[in-house]
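protein19.cif (mmCIF, C-alpha atoms (C1' of nucleotides))
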```
data_target
loop_
_atom_site.label_atom_id
_atom_site.label_comp_id
_atom_site.auth_asym_id
_atom_site.auth_seq_id
_atom_site.Cartn_x
_atom_site.Cartn_y
_atom_site.Cartn_z
CA MET A 294 11.31 -1.78 -37.57
CA VAL A 295 10.14 -0.36 -34.28
CA THR A 296 6.76 1.20 -33.91
CA TYR A 297 6.51 3.99 -31.40
CA GLN A 298 4.42 1.71 -29.30
CA ASP A 299 7.49 -0.30 -28.51
CA ASP A 300 9.18 2.42 -26.54
CA GLY A 301 8.41 5.73 -24.98
CA TRP A 302 10.87 7.74 -26.97
CA GLY A 303 9.02 7.40 -30.23
CA VAL A 304 5.80 8.79 -28.84
CA LEU A 305 7.38 12.14 -28.14
CA GLY A 306 9.66 11.85 -31.13
CA ASP A 307 7.03 13.58 -33.19
CA PRO A 308 7.17 17.37 -32.76
CA THR A 309 3.43 17.72 -33.22
CA ARG A 310 2.79 15.42 -30.30
CA ARG A 311 5.24 17.36 -28.16
CA THR A 312 3.40 20.54 -29.06
CA ILE A 313 0.13 18.93 -28.06
CA VAL A 314 1.57 17.93 -24.71
CA LEU A 315 2.85 21.45 -24.11
CA GLN A 316 -0.53 22.86 -25.09
CA LEU A 317 -2.28 20.57 -22.64
CA ALA A 318 0.23 21.57 -19.99
CA GLN A 319 -1.27 25.03 -20.10
CA ARG A 320 -4.84 23.84 -19.78
CA PRO A 321 -7.07 20.92 -20.81
CA GLN A 322 -8.44 21.45 -24.27
CA ALA A 323 -10.90 20.02 -26.74
CA VAL A 324 -9.78 18.49 -30.01
CA VAL A 325 -11.09 21.46 -31.93
CA GLU A 326 -9.03 23.86 -29.87
CA LEU A 327 -5.87 21.84 -30.28
CA ALA A 328 -6.41 21.60 -34.02
CA ALA A 329 -6.86 25.34 -34.28
CA ALA A 330 -3.40 25.85 -32.80
CA LEU A 331 -1.75 23.37 -35.14
CA PRO A 332 -1.02 23.48 -38.86
CA ILE A 333 -2.66 20.12 -39.50
CA SER A 334 -6.20 18.87 -39.96
CA ARG A 335 -8.45 17.92 -37.09
CA PRO A 336 -8.44 14.19 -37.93
CA ALA A 337 -4.65 14.28 -37.83
CA VAL A 338 -4.87 15.72 -34.33
CA SER A 339 -7.27 12.96 -33.36
CA GLN A 340 -4.75 10.40 -34.57
CA HIS A 341 -1.98 11.95 -32.53
CA LEU A 342 -4.25 12.07 -29.51
CA LYS A 343 -5.01 8.39 -29.92
CA ILE A 344 -1.30 7.62 -29.83
CA LEU A 345 -0.79 9.81 -26.79
CA LYS A 346 -3.76 8.22 -25.07
CA ASP A 347 -2.69 4.68 -25.89
CA SER A 348 0.71 5.39 -24.40
CA GLY A 349 -0.88 6.79 -21.28
CA LEU A 350 0.40 10.34 -21.62
CA VAL A 351 -3.03 11.95 -21.89
CA ALA A 352 -6.60 11.13 -20.94
CA GLU A 353 -9.94 12.65 -21.83
CA HIS A 354 -13.46 13.11 -20.62
CA ALA A 355 -16.63 14.10 -22.43
CA GLU A 356 -18.32 17.44 -22.04
CA GLY A 357 -21.33 17.57 -24.25
CA THR A 358 -20.14 16.82 -27.73
CA ARG A 359 -16.60 17.84 -26.90
CA ARG A 360 -13.83 15.65 -25.64
CA ILE A 361 -11.61 17.49 -23.24
CA TYR A 362 -8.09 16.13 -23.26
CA HIS A 363 -5.71 16.61 -20.36
CA LEU A 364 -2.29 15.38 -19.37
CA ASN A 365 -1.92 12.17 -17.44
CA GLU A 366 0.60 12.76 -14.69
CA VAL A 367 1.27 9.09 -14.07
CA GLY A 368 2.14 8.29 -17.66
CA LEU A 369 4.21 11.40 -18.08
CA THR A 370 6.34 10.87 -15.04
CA ALA A 371 6.73 7.21 -15.88
CA LEU A 372 8.09 8.15 -19.28
CA ARG A 373 10.36 10.76 -17.82
CA ASP A 374 11.71 8.24 -15.37
CA GLN A 375 12.37 5.91 -18.26
CA LEU A 376 14.32 8.60 -20.06
CA ASP A 377 16.17 9.47 -16.88
CA ALA A 378 17.26 5.87 -16.60
CA PHE A 379 18.75 6.11 -20.05
CA TRP A 380 20.58 9.33 -19.25
CA ASN A 381 21.95 7.92 -16.04
CA ARG A 382 23.42 5.04 -17.93
CA ALA A 383 24.61 7.14 -20.83
CA LEU A 384 26.26 9.73 -18.60
CA SER A 385 27.48 7.34 -15.94
CA GLY A 386 31.02 8.20 -16.96
CA TYR A 387 30.44 11.83 -16.11
CA GLN A 388 28.94 11.52 -12.65
CA ASP A 389 29.29 15.21 -11.85
CA ILE A 390 26.61 16.47 -14.18
CA ILE A 391 24.06 13.83 -13.46
CA ASP A 392 22.99 15.79 -10.42
CA LYS A 393 22.90 19.08 -12.26
CA SER A 394 19.13 18.95 -11.91
CA THR A 395 19.45 20.41 -8.42
CA LYS A 396 17.75 23.41 -9.86
CA GLU A 397 15.79 25.18 -7.15
CA THR A 398 13.77 27.12 -9.71
CA PRO A 399 14.07 30.63 -8.20
CA MET B 177 7.98 16.08 -42.16
CA VAL B 178 10.72 16.62 -39.68
CA THR B 179 14.10 15.07 -40.10
CA TYR B 180 15.88 14.06 -36.92
CA GLN B 181 18.33 16.83 -37.64
CA ASP B 182 15.69 19.34 -36.77
CA ASP B 183 15.47 18.37 -33.16
CA GLY B 184 17.32 16.31 -30.62
CA TRP B 185 14.53 13.91 -29.92
CA GLY B 186 14.69 12.19 -33.24
CA VAL B 187 18.34 11.33 -32.95
CA LEU B 188 17.74 9.15 -29.92
CA GLY B 189 14.33 8.12 -31.14
CA ASP B 190 15.93 5.20 -32.88
CA PRO B 191 16.53 2.32 -30.46
CA THR B 192 19.63 1.21 -32.30
CA ARG B 193 21.22 4.59 -31.75
CA ARG B 194 20.32 4.48 -28.09
CA THR B 195 21.98 1.09 -27.85
CA ILE B 196 25.09 2.47 -29.50
CA VAL B 197 25.20 5.32 -27.01
CA LEU B 198 24.87 2.90 -24.11
CA GLN B 199 27.57 0.70 -25.57
CA LEU B 200 29.91 3.65 -25.87
CA ALA B 201 29.06 4.62 -22.31
CA GLN B 202 30.82 1.47 -21.19
CA ARG B 203 33.94 2.10 -23.25
CA PRO B 204 35.02 3.62 -26.58
CA GLN B 205 34.68 1.12 -29.37
CA ALA B 206 35.50 0.61 -33.01
CA VAL B 207 32.79 0.29 -35.63
CA VAL B 208 33.47 -3.39 -36.00
CA GLU B 209 32.95 -3.96 -32.30
CA LEU B 210 29.71 -2.04 -32.24
CA ALA B 211 28.43 -3.92 -35.27
CA ALA B 212 29.21 -7.24 -33.63
CA ALA B 213 26.94 -6.36 -30.73
CA LEU B 214 24.07 -5.30 -32.97
CA PRO B 215 21.70 -7.27 -35.21
CA ILE B 216 22.38 -5.09 -38.24
CA SER B 217 25.09 -4.83 -40.86
CA ARG B 218 28.27 -2.84 -40.37
CA PRO B 219 27.37 -0.18 -42.94
CA ALA B 220 24.11 0.37 -41.12
CA VAL B 221 26.11 1.02 -37.96
CA SER B 222 28.28 3.48 -39.85
CA GLN B 223 25.18 5.33 -40.95
CA HIS B 224 23.90 5.56 -37.41
CA LEU B 225 27.29 6.75 -36.24
CA LYS B 226 27.26 9.47 -38.85
CA ILE B 227 23.94 10.72 -37.52
CA LEU B 228 25.20 10.59 -33.95
CA LYS B 229 28.39 12.37 -34.95
CA ASP B 230 26.58 15.05 -36.94
CA SER B 231 24.39 15.77 -33.95
CA GLY B 232 27.40 16.05 -31.70
CA LEU B 233 26.61 13.10 -29.46
CA VAL B 234 29.71 11.11 -30.34
CA ALA B 235 33.17 11.75 -31.75
CA GLU B 236 35.89 9.51 -33.09
CA HIS B 237 39.62 9.24 -33.61
CA ALA B 238 41.68 6.97 -35.82
CA GLU B 239 43.80 4.14 -34.52
CA GLY B 240 45.42 2.38 -37.41
CA THR B 241 42.64 1.30 -39.71
CA ARG B 242 40.12 1.48 -36.91
CA ARG B 243 37.96 4.40 -35.93
CA ILE B 244 37.40 4.50 -32.23
CA TYR B 245 34.09 6.13 -31.36
CA HIS B 246 33.43 7.66 -27.98
CA LEU B 247 30.72 9.73 -26.37
CA ASN B 248 30.81 13.50 -26.55
CA GLU B 249 29.94 14.83 -23.15
CA VAL B 250 29.13 18.33 -24.38
CA GLY B 251 26.62 17.20 -26.96
CA LEU B 252 25.02 14.68 -24.65
CA THR B 253 24.46 17.08 -21.81
CA ALA B 254 23.22 19.73 -24.21
CA LEU B 255 20.61 17.32 -25.51
CA ARG B 256 19.65 16.26 -22.03
CA ASP B 257 19.21 19.87 -21.04
CA GLN B 258 16.99 20.35 -24.05
CA LEU B 259 14.83 17.42 -23.01
CA ASP B 260 14.75 18.67 -19.45
CA ALA B 261 13.41 21.97 -20.70
CA PHE B 262 10.56 20.13 -22.31
CA TRP B 263 9.79 18.15 -19.19
CA ASN B 264 9.84 21.24 -17.05
CA ARG B 265 7.26 22.82 -19.28
CA ALA B 266 5.19 19.66 -19.64
CA LEU B 267 5.16 18.95 -15.92
CA SER B 268 4.95 22.54 -14.77
CA GLY B 269 1.52 21.78 -13.40
CA TYR B 270 2.96 19.15 -11.09
CA GLN B 271 5.79 21.09 -9.54
CA ASP B 272 6.43 18.55 -6.81
CA ILE B 273 7.87 15.86 -9.01
CA ILE B 274 10.04 18.06 -11.10
CA ASP B 275 12.69 17.90 -8.44
CA LYS B 276 12.34 14.19 -7.96
CA SER B 277 15.80 13.88 -9.53
CA THR B 278 17.35 14.65 -6.14
CA LYS B 279 18.65 11.14 -6.29
CA GLU B 280 21.89 10.82 -4.36
CA THR B 281 22.68 7.48 -6.00
CA PRO B 282 23.50 5.45 -2.85
"C1'" DA C 156 -37.63 16.31 -35.40
"C1'" DT C 157 -34.10 18.68 -37.72
"C1'" DG C 158 -29.80 20.80 -38.06
"C1'" DA C 159 -25.29 21.94 -36.39
"C1'" DA C 160 -21.12 21.19 -33.88
"C1'" DC C 161 -17.82 17.80 -32.37
"C1'" DG C 162 -14.90 14.05 -33.08
"C1'" DG C 163 -13.40 9.10 -34.15
"C1'" DT C 164 -12.12 5.99 -37.95
"C1'" DA C 165 -11.29 4.16 -42.67
"C1'" DA C 166 -8.85 4.46 -46.97
"C1'" DG C 167 -5.28 6.05 -49.60
"C1'" DA C 168 -1.20 8.90 -50.98
"C1'" DG C 169 3.20 10.73 -50.13
"C1'" DT C 170 7.55 10.90 -47.70
"C1'" DA C 171 11.28 9.78 -44.89
"C1'" DA C 172 13.82 6.58 -42.32
"C1'" DA C 173 16.43 2.26 -41.91
"C1'" DC C 174 18.30 -1.52 -43.96
"C1'" DT C 175 20.86 -4.29 -47.52
"C1'" DT C 176 24.49 -5.19 -51.08
"C1'" DA C 177 28.25 -3.46 -53.70
"C1'" DC C 178 32.18 -0.74 -54.24
"C1'" DG C 179 36.35 1.94 -53.22
"C1'" DG C 180 39.86 4.15 -50.28
"C1'" DA C 181 43.16 3.93 -46.50
"C1'" DT C 182 46.19 1.58 -43.19
"C1'" DG C 183 49.13 -2.27 -41.56
"C1'" DG C 184 51.51 -6.62 -41.80
"C1'" DT C 185 54.23 -10.13 -44.41
"C1'" DA D 134 54.43 -5.38 -53.66
"C1'" DC D 135 50.52 -7.74 -52.12
"C1'" DC D 136 46.84 -9.07 -49.29
"C1'" DA D 137 43.77 -8.45 -45.39
"C1'" DT D 138 41.30 -5.59 -42.30
"C1'" DC D 139 38.63 -1.63 -41.35
"C1'" DC D 140 35.34 1.67 -42.70
"C1'" DG D 141 32.67 5.24 -45.34
"C1'" DT D 142 29.46 6.07 -49.16
"C1'" DA D 143 26.34 5.17 -53.12
"C1'" DA D 144 22.24 2.99 -54.86
"C1'" DG D 145 18.12 0.84 -54.24
"C1'" DT D 146 14.37 -1.47 -51.63
"C1'" DT D 147 11.12 -1.86 -47.95
"C1'" DT D 148 8.63 -0.38 -44.19
"C1'" DA D 149 6.04 2.59 -41.46
"C1'" DC D 150 4.70 7.10 -40.19
"C1'" DT D 151 2.10 11.29 -41.10
"C1'" DC D 152 -1.15 13.50 -43.53
"C1'" DT D 153 -5.57 14.35 -46.24
"C1'" DT D 154 -10.38 13.53 -47.65
"C1'" DA D 155 -14.58 11.19 -46.86
"C1'" DC D 156 -17.90 9.20 -43.97
"C1'" DC D 157 -20.57 8.16 -39.82
"C1'" DG D 158 -22.13 8.35 -34.93
"C1'" DT D 159 -23.17 11.23 -30.90
"C1'" DT D 160 -24.78 15.19 -28.42
"C1'" DC D 161 -27.15 19.55 -27.93
"C1'" DA D 162 -30.24 23.36 -29.32
"C1'" DT D 163 -34.25 25.10 -31.63
#
```

Could you express the structure from this file as structure tokens?
Amino acid sequence: MVTYQDDGWGVLGDPTRRTIVLQLAQRPQAVVELAAALPISRPAVSQHLKILKDSGLVAEHAEGTRRIYHLNEVGLTALRDQLDAFWNRALSGYQDIIDKSTKETP
Amino acid sequence: MVTYQDDGWGVLGDPTRRTIVLQLAQRPQAVVELAAALPISRPAVSQHLKILKDSGLVAEHAEGTRRIYHLNEVGLTALRDQLDAFWNRALSGYQDIIDKSTKETP
DNA sequence: ATGAACGGTAAGAGTAAACTTACGGATGGT
DNA sequence: ACCATCCGTAAGTTTACTCTTACCGTTCAT
């Protein structure tokens, strides 16, 4: 009863789309490259990319006949903030661990 | 092709389950109470609770005929850590904002 | 100009998730 | 003992997501 458009969770609920995001985190890539790294057809990748683009998580630009997709920082951080808001509410009873993200990545 | 059992995202991908978690964050509640606050039938709530319980996000204990559900801190933080791992990888190109969670909740 | 590579979209099939109603078991009160 | 409340599960329906194949437009090279 709730399309993934309605909330941010659903967009990344699909493991293929998460894989695409992680792929693009390494470097911007064309559709053909993404499809080669995935076990699904190229049109299926295009459909996932459309969803990711519509939700503002990725963007693309043309390079010849290729469309180079890359992450959209604004959309990604916005979604992460949205999820953080959920976690803060969900874990409000356990205040201690909310700040566990003081990870100074050594 | 991926049941929500396979990963943590799917479990909270359903907005009803997120609402249940937020409800339980306020206080432990019986099934009947949760169902009263939701637009779906009581059995549907039971089914969601089963999924949440199987994934370790909630637990319950009996009180007379009632089953009082409450959050499971261990499972919740484990899932949040899992999501954090994704975000760290996805946003690794934007190191600055990864530590934005230095929020000392004023 | 012709052909090839790239990619978006339409149409349709298959599958899984989420809901409902119906039923049965367990506990507690009278 | 009997009835009411609470709740889990089974069965079945509906919805919507994901995928595939097929087709078409665009861009570049020869």

Quick one: of B:Ile244, B:Glu249, B:Gly269, B:Ala261, who's nearest to chain D, counting all atoms listed in the file?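 Nearest candidate to chain D out of B:Ile244, B:Glu249, B:Gly269, B:Ala261: B:Ile244.
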
Please report as an NGL selection string which residues of chain A come no farther than 10 Å from chain C, using all atoms listed in the file. :A and (294 or 323-325 or 335-336 or 339-340 or 343 or 357-360)

Do you know which residues the PyMOL selection byres ((chain D) within 12 of (chain B)) returns on this file, as a PDB file with C-alpha atoms (C1' of nucleotides), keeping the file's coordinate frame?
```pdb
ATOM      1  C1'  DA D 137      43.770  -8.450 -45.390  1.00  0.00           C
ATOM      2  C1'  DT D 138      41.300  -5.590 -42.300  1.00  0.00           C
ATOM      3  C1'  DC D 139      38.630  -1.630 -41.350  1.00  0.00           C
ATOM      4  C1'  DC D 140      35.340   1.670 -42.700  1.00  0.00           C
ATOM      5  C1'  DG D 141      32.670   5.240 -45.340  1.00  0.00           C
ATOM      6  C1'  DT D 142      29.460   6.070 -49.160  1.00  0.00           C
ATOM      7  C1'  DA D 143      26.340   5.170 -53.120  1.00  0.00           C
ATOM      8  C1'  DC D 150       4.700   7.100 -40.190  1.00  0.00           C
ATOM      9  C1'  DT D 151       2.100  11.290 -41.100  1.00  0.00           C
ATOM     10  C1'  DC D 152      -1.150  13.500 -43.530  1.00  0.00           C
TER      11       DC D 152
END
```

Run the PyMOL selection byres ((chain A) within 7 of (chain B)) on the file and write out the hits as a ChimeraX atom specification. /A:302-303,306,314-315,318,382-384,386,394-395

Those same residues, written as an mmCIF file, keeping the file's coordinate frame with C-alpha atoms?
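Result written to result08.cif:
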```
data_model
loop_
_atom_site.group_PDB
_atom_site.id
_atom_site.type_symbol
_atom_site.label_atom_id
_atom_site.label_comp_id
_atom_site.auth_asym_id
_atom_site.auth_seq_id
_atom_site.Cartn_x
_atom_site.Cartn_y
_atom_site.Cartn_z
ATOM 1 C CA TRP A 302 10.870 7.740 -26.970
ATOM 2 C CA GLY A 303 9.020 7.400 -30.230
ATOM 3 C CA GLY A 306 9.660 11.850 -31.130
ATOM 4 C CA VAL A 314 1.570 17.930 -24.710
ATOM 5 C CA LEU A 315 2.850 21.450 -24.110
ATOM 6 C CA ALA A 318 0.230 21.570 -19.990
ATOM 7 C CA ARG A 382 23.420 5.040 -17.930
ATOM 8 C CA ALA A 383 24.610 7.140 -20.830
ATOM 9 C CA LEU A 384 26.260 9.730 -18.600
ATOM 10 C CA GLY A 386 31.020 8.200 -16.960
ATOM 11 C CA SER A 394 19.130 18.950 -11.910
ATOM 12 C CA THR A 395 19.450 20.410 -8.420
#
```

Sel. within 6 Å of pt (-5.0, 13.5, -20.2), counting all atoms listed in the file, output as number ranges by chain: A: 351-353, 362-365

File of the preceding selection, C-alpha atoms, as a PDB file, in the frame of the given file:
```pdb
ATOM      1  CA  VAL A 351      -3.030  11.950 -21.890  1.00  0.00           C
ATOM      2  CA  ALA A 352      -6.600  11.130 -20.940  1.00  0.00           C
ATOM      3  CA  GLU A 353      -9.940  12.650 -21.830  1.00  0.00           C
ATOM      4  CA  TYR A 362      -8.090  16.130 -23.260  1.00  0.00           C
ATOM      5  CA  HIS A 363      -5.710  16.610 -20.360  1.00  0.00           C
ATOM      6  CA  LEU A 364      -2.290  15.380 -19.370  1.00  0.00           C
ATOM      7  CA  ASN A 365      -1.920  12.170 -17.440  1.00  0.00           C
TER       8      ASN A 365
END
```

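Atom to atom, CA of Ser334 in chain A and C1' of DT153 in chain D stand 7.8 Å apart.
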
Between CA of Ala211 in chain B and C1' of DT147 in chain D, what distance in Å does the model show, to one decimal?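 About the pair CA of Ala211 in chain B and C1' of DT147 in chain D: they are 21.6 Å apart.
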
For a test of reading the model, state the distance in Å between C1' of DA149 in chain D and CA of Ile344 in chain A, rounded to one decimal. 14.6 Å

Nearest to DT160 in chain D by atom-to-atom distance, counting all atoms listed in the file, from A:Leu350, A:Leu342, A:Leu331, A:Ala355: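 That would be A:Ala355, the residue with the smallest distance to DT160 in chain D.
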